[in-house]
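> structure-v9.txt is the file, holding compact mmCIF, C-alpha atoms and all ligand atoms:
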```txt
# COMPACT_ATOMS: atom_id res chain seq x y z
CA MET A 990 74.94 4.69 149.89
CA LEU A 991 75.61 7.73 152.01
CA ILE A 992 72.13 8.31 153.28
CA LYS A 993 71.22 5.20 155.16
CA ARG A 994 73.32 2.97 157.34
CA ARG A 995 72.04 -0.22 158.84
CA GLY A 996 73.52 -2.09 161.70
CA ASP A 997 71.87 -5.37 160.85
CA VAL A 998 72.47 -7.46 157.82
CA PRO A 999 71.28 -10.96 157.11
CA THR A 1000 73.50 -13.63 158.56
CA SER A 1001 75.61 -15.59 156.17
CA GLU A 1002 74.10 -18.62 154.55
CA ILE A 1003 76.55 -20.37 152.36
CA THR A 1004 74.67 -21.39 149.25
CA ASP A 1005 76.20 -23.93 146.97
CA GLN A 1006 76.37 -22.28 143.57
CA GLY A 1007 79.05 -24.67 142.43
CA VAL A 1008 77.47 -26.22 139.36
CA TYR A 1009 78.98 -24.28 136.51
CA LEU A 1010 77.87 -25.07 132.99
CA ARG A 1011 79.22 -23.85 129.72
CA ARG A 1012 79.18 -20.26 128.54
CA ARG A 1013 77.27 -21.44 125.46
CA GLU A 1014 74.36 -22.18 127.76
CA PHE A 1015 74.39 -18.65 129.07
CA ILE A 1016 74.38 -17.28 125.56
CA GLN A 1017 71.51 -19.62 124.72
CA ALA A 1018 69.61 -18.44 127.78
CA ALA A 1019 70.24 -14.83 126.83
CA GLY A 1020 69.18 -15.55 123.26
CA LEU A 1021 66.00 -17.22 124.45
CA ALA A 1022 65.19 -14.20 126.57
CA ALA A 1023 65.68 -11.97 123.54
CA ILE A 1024 63.40 -14.17 121.44
CA GLY A 1025 60.86 -14.11 124.24
CA ALA A 1026 61.07 -10.34 124.39
CA ALA A 1027 60.51 -10.07 120.66
CA ALA A 1028 57.54 -12.43 120.84
CA GLY A 1029 56.04 -10.57 123.76
CA GLY A 1030 55.66 -13.90 125.54
CA LEU A 1031 56.30 -15.06 129.05
CA LEU A 1032 60.02 -14.70 128.70
CA THR A 1033 59.63 -10.94 128.54
CA ALA A 1034 59.00 -11.08 132.27
CA PRO A 1035 62.09 -9.49 133.79
CA ARG A 1036 64.08 -12.13 135.54
CA THR A 1037 66.80 -12.65 137.99
CA ALA A 1038 69.30 -15.47 137.82
CA ARG A 1039 67.75 -18.87 138.28
CA ALA A 1040 68.33 -22.52 137.52
CA GLY A 1041 68.83 -23.04 133.81
CA GLU A 1042 70.65 -19.75 133.43
CA LYS A 1043 74.04 -20.89 134.51
CA ILE A 1044 77.05 -19.13 133.13
CA HIS A 1045 80.30 -20.96 132.86
CA ALA A 1046 83.34 -19.48 134.51
CA GLY A 1047 85.33 -21.62 132.10
CA ALA A 1048 88.66 -23.25 132.64
CA MET A 1049 89.88 -19.69 132.97
CA LYS A 1050 90.36 -19.22 136.69
CA SER A 1051 91.90 -15.83 136.97
CA PRO A 1052 95.26 -15.44 138.72
CA PHE A 1053 93.79 -12.26 140.18
CA SER A 1054 91.23 -14.19 142.22
CA THR A 1055 91.41 -14.11 145.99
CA ALA A 1056 91.37 -17.43 147.83
CA GLU A 1057 89.06 -15.93 150.46
CA GLU A 1058 85.66 -17.47 151.13
CA PRO A 1059 82.95 -15.91 148.94
CA THR A 1060 80.09 -14.11 150.67
CA SER A 1061 76.88 -16.12 150.63
CA TYR A 1062 74.85 -15.77 147.45
CA LYS A 1063 71.88 -14.74 149.53
CA ASP A 1064 73.68 -11.83 151.18
CA ALA A 1065 75.26 -10.72 147.91
CA THR A 1066 71.87 -10.57 146.21
CA THR A 1067 69.72 -9.10 148.97
CA TYR A 1068 71.98 -6.46 150.51
CA ASN A 1069 72.55 -4.10 147.62
CA ASN A 1070 72.95 -0.50 146.60
CA TYR A 1071 71.07 0.31 143.42
CA TYR A 1072 69.42 3.66 144.01
CA GLU A 1073 67.31 3.49 140.87
CA PHE A 1074 65.29 0.93 142.84
CA GLY A 1075 65.34 2.69 146.20
CA THR A 1076 67.90 3.87 148.70
CA ASP A 1077 67.74 1.07 151.25
CA LYS A 1078 69.56 -2.22 150.97
CA GLU A 1079 66.49 -4.41 150.42
CA SER A 1080 64.74 -2.37 147.72
CA PRO A 1081 66.94 -3.48 144.79
CA ALA A 1082 66.11 -7.17 145.37
CA THR A 1083 62.44 -6.28 145.82
CA HIS A 1084 62.01 -3.98 142.82
CA ALA A 1085 64.76 -4.74 140.31
CA GLY A 1086 62.69 -7.53 138.79
CA LYS A 1087 61.10 -4.76 136.73
CA LEU A 1088 64.36 -3.84 135.02
CA LYS A 1089 64.15 -4.74 131.35
CA THR A 1090 67.45 -6.43 130.53
CA ARG A 1091 66.72 -7.86 127.07
CA PRO A 1092 67.22 -6.80 124.39
CA TRP A 1093 70.18 -4.76 125.64
CA THR A 1094 72.64 -2.66 123.75
CA LEU A 1095 75.92 -1.23 124.94
CA MET A 1096 76.96 1.86 123.06
CA VAL A 1097 80.70 2.50 122.75
CA GLU A 1098 81.26 6.05 121.56
CA GLY A 1099 83.25 9.27 121.82
CA GLU A 1100 86.99 9.45 121.20
CA VAL A 1101 87.36 6.06 119.49
CA LYS A 1102 88.19 5.02 115.96
CA LYS A 1103 85.57 2.28 116.00
CA PRO A 1104 82.39 3.40 117.75
CA ARG A 1105 79.85 0.62 117.92
CA ILE A 1106 76.52 -0.35 119.36
CA TRP A 1107 76.99 -3.85 120.72
CA GLY A 1108 74.13 -6.24 121.30
CA VAL A 1109 75.05 -7.83 124.59
CA GLU A 1110 74.89 -11.36 123.13
CA ASP A 1111 77.32 -10.42 120.33
CA LEU A 1112 79.65 -8.95 122.90
CA LEU A 1113 79.63 -12.17 124.91
CA LYS A 1114 80.43 -14.23 121.85
CA LYS A 1115 83.45 -12.05 121.22
CA MET A 1116 84.89 -11.74 124.72
CA SER A 1117 86.45 -14.51 126.75
CA LEU A 1118 84.81 -14.94 130.10
CA GLN A 1119 86.69 -15.60 133.29
CA GLU A 1120 85.76 -16.16 136.87
CA ARG A 1121 87.28 -13.45 139.06
CA ILE A 1122 86.83 -13.80 142.80
CA TYR A 1123 87.27 -10.26 144.07
CA ARG A 1124 87.13 -8.49 147.39
CA MET A 1125 84.64 -5.63 147.16
CA ARG A 1126 84.70 -2.78 149.69
CA CYS A 1127 81.82 -0.36 150.08
CA VAL A 1128 82.49 3.21 151.21
CA GLU A 1129 79.92 2.63 153.97
CA GLY A 1130 82.31 0.26 155.75
CA TRP A 1131 81.20 -3.21 154.72
CA SER A 1132 82.80 -5.62 152.33
CA MET A 1133 82.03 -8.82 150.46
CA VAL A 1134 83.89 -11.40 148.38
CA ILE A 1135 82.16 -12.01 145.06
CA PRO A 1136 82.92 -14.61 142.40
CA TRP A 1137 82.23 -12.53 139.31
CA VAL A 1138 82.02 -13.86 135.79
CA GLY A 1139 83.16 -11.32 133.26
CA PHE A 1140 85.77 -10.16 130.81
CA ALA A 1141 88.51 -7.57 130.87
CA LEU A 1142 87.19 -4.13 130.01
CA GLY A 1143 90.55 -3.58 128.30
CA ASP A 1144 89.57 -6.17 125.65
CA LEU A 1145 86.52 -4.10 124.72
CA ILE A 1146 88.55 -0.90 124.76
CA ARG A 1147 91.14 -2.36 122.40
CA GLU A 1148 88.32 -3.30 120.02
CA ALA A 1149 87.14 0.32 120.05
CA GLU A 1150 90.62 1.79 119.43
CA PRO A 1151 90.63 4.98 121.50
CA THR A 1152 92.04 8.07 119.80
CA GLY A 1153 94.92 10.07 121.28
CA LYS A 1154 92.36 12.42 122.82
CA ALA A 1155 90.75 9.73 124.96
CA LYS A 1156 91.98 10.30 128.51
CA PHE A 1157 88.95 9.19 130.54
CA VAL A 1158 86.08 6.77 130.20
CA GLU A 1159 82.54 7.63 131.25
CA PHE A 1160 79.99 4.94 132.06
CA VAL A 1161 76.35 5.85 131.70
CA THR A 1162 73.95 3.38 133.23
CA ALA A 1163 70.37 2.42 132.40
CA TYR A 1164 67.57 4.97 132.67
CA GLN A 1165 64.16 3.26 132.63
CA PRO A 1166 61.64 5.58 134.30
CA ASP A 1167 58.78 3.11 133.91
CA ASN A 1168 60.73 0.34 135.60
CA MET A 1169 62.87 2.16 138.15
CA PRO A 1170 60.81 3.59 141.01
CA GLY A 1171 63.89 5.26 142.53
CA LEU A 1172 64.19 7.67 139.62
CA ARG A 1173 61.23 9.58 141.04
CA ILE A 1174 63.40 10.56 144.01
CA PRO A 1175 66.14 13.08 143.20
CA ALA A 1176 68.69 11.22 145.35
CA LEU A 1177 71.20 11.47 142.49
CA ASP A 1178 71.42 13.16 139.14
CA TRP A 1179 70.01 10.44 136.85
CA PRO A 1180 71.14 8.55 134.91
CA TYR A 1181 73.83 7.22 137.23
CA VAL A 1182 77.26 7.98 135.78
CA GLU A 1183 80.70 6.77 136.76
CA GLY A 1184 84.14 7.42 135.36
CA LEU A 1185 87.66 6.05 135.22
CA ARG A 1186 90.95 7.29 133.86
CA LEU A 1187 91.80 5.43 130.65
CA ASP A 1188 94.69 3.56 132.26
CA GLU A 1189 92.46 2.48 135.16
CA ALA A 1190 89.88 1.24 132.68
CA MET A 1191 92.57 -0.65 130.76
CA HIS A 1192 94.01 -2.24 133.89
CA PRO A 1193 93.68 -6.05 133.78
CA LEU A 1194 91.83 -6.08 137.12
CA THR A 1195 88.99 -3.97 135.69
CA ILE A 1196 86.20 -6.10 134.31
CA LEU A 1197 82.74 -5.91 132.91
CA ALA A 1198 80.76 -8.57 134.78
CA VAL A 1199 77.85 -10.45 133.26
CA GLY A 1200 77.49 -13.09 135.96
CA MET A 1201 78.26 -14.03 139.52
CA TYR A 1202 78.40 -17.36 141.39
CA GLY A 1203 78.36 -19.09 138.03
CA GLU A 1204 74.98 -17.61 137.09
CA VAL A 1205 73.66 -14.78 134.98
CA LEU A 1206 73.88 -11.54 136.96
CA PRO A 1207 70.72 -10.88 138.99
CA ASN A 1208 69.08 -7.56 138.13
CA GLN A 1209 69.77 -6.08 141.55
CA ASN A 1210 73.48 -6.72 141.03
CA GLY A 1211 73.57 -4.84 137.74
CA ALA A 1212 72.25 -7.08 134.97
CA PRO A 1213 72.97 -7.52 132.22
CA ILE A 1214 76.42 -5.94 132.40
CA ARG A 1215 78.20 -3.95 135.08
CA LEU A 1216 81.56 -2.50 135.84
CA VAL A 1217 83.74 -4.06 138.57
CA VAL A 1218 86.83 -2.18 139.81
CA PRO A 1219 87.99 -4.04 142.90
CA TRP A 1220 90.55 -1.57 144.27
CA LYS A 1221 87.99 1.25 144.42
CA TYR A 1222 85.00 1.72 146.69
CA GLY A 1223 81.98 -0.19 145.45
CA PHE A 1224 80.17 2.82 144.06
CA LYS A 1225 82.68 3.13 141.23
CA SER A 1226 81.28 -0.14 139.86
CA GLY A 1227 78.30 1.15 137.88
CA LYS A 1228 75.45 -1.26 137.27
CA SER A 1229 73.45 -2.01 134.12
CA ILE A 1230 75.72 -0.05 131.80
CA ALA A 1231 74.16 1.34 128.63
CA ARG A 1232 76.91 3.59 127.28
CA ILE A 1233 80.69 3.77 127.49
CA ARG A 1234 81.99 7.09 126.31
CA PHE A 1235 85.66 7.99 125.76
CA VAL A 1236 86.37 11.60 126.62
CA GLU A 1237 89.19 14.08 126.98
CA ARG A 1238 88.07 15.64 130.27
CA MET A 1239 87.46 14.03 133.65
CA PRO A 1240 83.79 13.00 133.83
CA GLN A 1241 81.60 14.09 136.72
CA SER A 1242 80.23 11.01 138.39
CA ALA A 1243 76.78 10.94 139.98
CA TRP A 1244 78.36 10.81 143.45
CA MET A 1245 80.74 13.70 142.76
CA LYS A 1246 77.78 15.79 141.71
CA ALA A 1247 75.75 14.75 144.75
CA SER A 1248 78.46 15.42 147.34
CA PRO A 1249 81.86 16.46 145.98
CA GLN A 1250 83.44 16.95 149.41
CA GLU A 1251 82.70 13.31 150.24
CA TYR A 1252 83.12 11.49 146.95
CA GLY A 1253 86.05 12.24 144.70
CA PHE A 1254 86.75 11.00 141.21
CA TYR A 1255 89.32 8.39 142.25
CA SER A 1256 87.62 6.81 145.27
CA ASN A 1257 90.43 4.33 145.77
CA VAL A 1258 90.02 2.20 148.86
CA ASN A 1259 92.32 3.98 151.29
CA PRO A 1260 92.33 3.28 155.04
CA GLU A 1261 94.40 6.45 155.56
CA VAL A 1262 91.83 8.83 154.10
CA ASP A 1263 88.68 9.04 156.17
CA HIS A 1264 85.31 9.79 154.73
CA PRO A 1265 84.36 13.19 156.21
CA ARG A 1266 81.72 11.47 158.34
CA TRP A 1267 83.45 8.22 159.30
CA SER A 1268 86.74 6.34 159.37
CA GLN A 1269 87.78 4.05 156.53
CA ALA A 1270 90.38 2.16 158.60
CA ASN A 1271 88.22 -0.93 159.24
CA GLU A 1272 85.45 -2.82 157.56
CA ARG A 1273 82.93 -5.49 158.36
CA ARG A 1274 82.92 -8.41 155.99
CA ILE A 1275 79.26 -9.29 155.49
CA GLY A 1276 78.63 -12.59 157.29
CA GLU A 1277 81.38 -11.97 159.86
CA PHE A 1278 81.04 -10.50 163.31
CA LEU A 1279 84.40 -8.90 164.00
CA LYS A 1280 85.74 -6.04 161.95
CA ARG A 1281 88.92 -6.40 159.95
CA LYS A 1282 91.47 -3.84 158.85
CA THR A 1283 90.89 -2.28 155.48
CA LEU A 1284 93.83 -2.77 153.16
CA MET A 1285 95.32 -0.11 150.92
CA PHE A 1286 93.70 -0.36 147.49
CA ASN A 1287 91.53 -3.08 149.02
CA GLY A 1288 94.52 -5.44 148.99
CA TYR A 1289 95.32 -4.87 145.31
CA ALA A 1290 98.21 -2.44 145.94
CA ASP A 1291 100.82 -4.66 144.27
CA GLN A 1292 98.87 -4.52 141.04
CA VAL A 1293 97.57 -0.93 141.02
CA ALA A 1294 99.65 1.35 143.25
CA SER A 1295 101.89 2.29 140.31
CA LEU A 1296 98.89 3.90 138.59
CA TYR A 1297 99.04 6.64 141.22
CA THR A 1298 102.78 7.21 141.58
CA GLY A 1299 103.47 10.83 142.48
CA MET A 1300 99.85 11.64 143.26
CA ASP A 1301 98.75 12.99 146.61
CA LEU A 1302 96.05 10.48 147.49
CA LYS A 1303 94.71 12.69 150.28
CA LYS A 1304 93.88 15.36 147.72
CA ASN A 1305 92.97 12.92 144.97
CA PHE A 1306 90.55 10.87 147.06
N1 LIG B 1401 75.09 1.53 139.85
C1 LIG B 1401 73.90 2.13 139.62
N2 LIG B 1401 73.45 2.21 138.35
N3 LIG B 1401 73.15 2.66 140.62
C2 LIG B 1401 73.57 2.62 141.91
O1 LIG B 1401 72.88 3.13 142.80
N4 LIG B 1401 75.32 1.92 143.47
C3 LIG B 1401 76.76 1.77 143.60
C4 LIG B 1401 77.33 0.70 142.66
N5 LIG B 1401 76.74 0.81 141.34
C5 LIG B 1401 74.82 2.00 142.20
C6 LIG B 1401 75.54 1.44 141.11
C7 LIG B 1401 77.13 1.49 144.97
S1 LIG B 1401 76.92 2.76 146.07
C8 LIG B 1401 77.65 0.30 145.35
S2 LIG B 1401 78.28 0.08 146.93
C9 LIG B 1401 77.67 -0.86 144.45
O2 LIG B 1401 77.03 -0.59 143.20
C10 LIG B 1401 76.95 -2.01 145.11
O3 LIG B 1401 77.01 -3.16 144.33
P1 LIG B 1401 76.34 -4.50 144.88
O4 LIG B 1401 74.92 -4.19 145.26
O5 LIG B 1401 76.43 -5.48 143.76
O6 LIG B 1401 77.14 -4.90 146.10
```
Would you give me this structure, written as structure tokens?
Ligand code: MTE


Amino acid sequence: MLIKRRGDVPTSEITDQGVYLRRREFIQAAGLAAIGAAAGGLLTAPRTARAGEKIHAGAMKSPFSTAEEPTSYKDATTYNNYYEFGTDKESPATHAGKLKTRPWTLMVEGEVKKPRIWGVEDLLKKMSLQERIYRMRCVEGWSMVIPWVGFALGDLIREAEPTGKAKFVEFVTAYQPDNMPGLRIPALDWPYVEGLRLDEAMHPLTILAVGMYGEVLPNQNGAPIRLVVPWKYGFKSGKSIARIRFVERMPQSAWMKASPQEYGFYSNVNPEVDHPRWSQANERRIGEFLKRKTLMFNGYADQVASLYTGMDLKKNF
């Protein structure tokens, strides 16, 4: 994220991903993959989203969705940051096919009354999926609009019943040395970790995404389940989450450890606080030529500014 910057990105190609089928079909597809994995058959081959693995956004169109034009599917799935597969933008799409996404468990642990290891299929049966079209802003200065399919993280948190000691939530992502070539490079302290304050995690805008563009999440975008926090820089949205841990103390994220003077815990999109090496005032929407102004909290100020009342956002960057 901070190491390489590219001037060129693929031009926008609007792909029609409009055929949304029912969530049941996604669960069936996921179940089939799990059966395939158990049988050691062809279905064990790691996969990215493809025809037949549609995921229904449901009748539930979220009121939080932006009306802006989504970024092309091609750009959103080939211009990625997923350092476990390499530090350039193309490597995730090239190498993430190796990620083993089934079977997948999500451990919910720490300061909760009901710790649990969820099978991802069970979790999907329990949670109600929505389509959320969100603006996403990367700290590097580019942005996209992504139609996510996911559920409110708050719903999962309520299931877990945090204790009074739970003040923060830590997200630990997948660590698969055999499948992730990037782990051989000490670019970050592996596994990749992110963190939120409990109230940020409970905020209705915060989701766990399992799909995008009406399809199962491609591996390079964080399959099978990733965090999405649209008012924060993209790196807060950890991919391929394996563990969610409720803790009393502020977690140290992978980026804070790598470069604390550049990447703080909050990492709210803030055009008034420059990155030490570049301005955050403008951004380039992938697929567009001209830059646009970056909005406070990425345009979600009405919903989230109150979370930070009284805080000095220059210090708490
Ligand atoms: N999650 C993991 N596990 N590993 C990563 O390297 N990169 C982060 C974030 N989540 C990253 C991650 C960064 S820097 C960004 S900008 C976003 O994922 C990019 O998400 P996208 O590729 O879906 O746009």

> Ranking A:Trp1093, A:Phe1224, A:Tyr1123, A:Tyr1164 by minimum distance to ligand LIG 1401 (chain B) and counting all atoms listed in the file, which one comes first?

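Residue with the minimum atom-to-atom distance to ligand LIG 1401 (chain B): A:Phe1224.
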
> Residues within 12 Å of A:Pro1213, please, as an NGL selection string. Count all atoms listed in the file; anything in the same chain fewer than 4 positions from it doesn't count.

:A and (1015-1016 or 1019 or 1022 or 1035-1038 or 1085 or 1088-1095 or 1108-1110 or 1112-1113 or 1138-1139 or 1162-1163 or 1197-1201 or 1204-1209 or 1227-1231)

> Please list as a PDB file with C-alpha atoms, in the frame of the given file every residue within 6 Å of A:Glu1159, counting only C-alpha atoms and excluding residues in the same chain fewer than 2 positions away.


```pdb
ATOM      1  CA  GLU A1183      80.700   6.770 136.760  1.00  0.00           C
ATOM      2  CA  GLY A1184      84.140   7.420 135.360  1.00  0.00           C
ATOM      3  CA  ILE A1233      80.690   3.770 127.490  1.00  0.00           C
ATOM      4  CA  ARG A1234      81.990   7.090 126.310  1.00  0.00           C
TER       5      ARG A1234
END
```

> Can I get the residues close to ligand LIG 1401 (chain B) as a ChimeraX atom specification, where close means within 9 Å and we count all atoms listed in the file?

/A:990-991,1065-1076,1078,1081,1125-1129,1131-1133,1135,1161-1164,1177,1180-1183,1209-1211,1215-1217,1222-1230,1244

> For the contact check between stretch 1156-1261 of chain A and stretch 1272-1279 of chain A, emit one row per residue of stretch 1156-1261 of chain A within 12 Å, containing the shortest atom pair and the distance in Å rounded to one decimal, counting only C-alpha atoms, chain then rising number order, as a tab-separated table.


```
residue	atom	partner	partner_atom	distance
A:Tyr1222	CA	A:Glu1272	CA	11.8
A:Val1258	CA	A:Glu1272	CA	11.0
A:Asn1259	CA	A:Glu1272	CA	11.5
A:Pro1260	CA	A:Glu1272	CA	9.5
```

> Within 6 Å of (81.8, -13.0, 144.2) (file coordinates; all atoms listed in the file), which protein or nucleic acid residues are there? I'd like them as a CSV table (one decimal) with C-alpha atoms, in the coordinates of the input.


```
chain,number,residue,atom,x,y,z
A,1059,PRO,CA,83.0,-15.9,148.9
A,1122,ILE,CA,86.8,-13.8,142.8
A,1134,VAL,CA,83.9,-11.4,148.4
A,1135,ILE,CA,82.2,-12.0,145.1
A,1136,PRO,CA,82.9,-14.6,142.4
A,1137,TRP,CA,82.2,-12.5,139.3
A,1201,MET,CA,78.3,-14.0,139.5
```

> Report, in Å to a single decimal, how far apart atom CA of A:Arg1232 and atom CA of A:Glu1042 are.

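Going from atom CA of A:Glu1042 over to atom CA of A:Arg1232 covers 24.9 Å.
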
> So that I can see what lies close to A:Phe1140, please list as a VMD selection string the residues with an atom at most 10 Å from it, counting all atoms listed in the file and leaving out residues fewer than 6 positions away in the same chain.

chain A and resid 1113 1116 to 1121 1193 to 1199

> Enter the distance from atom CA of A:Arg1173 to atom CA of A:Gly1086, in Å, rounded to one decimal.

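We find that atom CA of A:Arg1173 and atom CA of A:Gly1086 lie 17.3 Å from each other.
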
> What is the distance, in Å and to one decimal place, between atom CA of A:Ala1212 and atom CA of A:Ala1082?

12.1 Å

> So, with all atoms listed in the file as the atoms that count, which of A:Lys1280, A:His1084, A:Arg1238, A:His1192 lies closest to A:Gln1292?

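Selected residue with least distance to A:Gln1292: A:His1192.
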
> For the point (83.1, 11.5, 134.2) in the file's frame, write as a PyMOL selection string all residues with an atom no more than 9 Å away, counting only C-alpha atoms.

chain A and resi 1157-1160+1182-1186+1236+1238-1243+1254

> For A:Tyr1297, please output as a PyMOL selection string all residues within 12 Å (counting only C-alpha atoms; exclusion window: fewer than 4 positions along the same chain).

chain A and resi 1186+1188-1189+1255+1257+1286+1290-1293+1301-1303+1305-1306

> Name the closest residue to A:Ser1080 among the candidates A:Gly1171, A:Pro1265, A:Gly1288, A:Gly1203; distances are taken between atoms, counting all atoms listed in the file.

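Counting all atoms listed in the file, the residue closest to A:Ser1080 is A:Gly1171.
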
> Calculated over only C-alpha atoms, which of the candidates A:Glu1098, A:Glu1261, A:Ala1176, A:Trp1220 has the smallest distance to A:Asp1077?

A:Ala1176

> I need the residue nearest A:Ser1268 from this list: A:Pro1052, A:Gly1299, A:Gly1130, A:Pro1166. Use all atoms listed in the file for the distance.

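Of the candidates, the smallest distance to A:Ser1268 is held by A:Gly1130.
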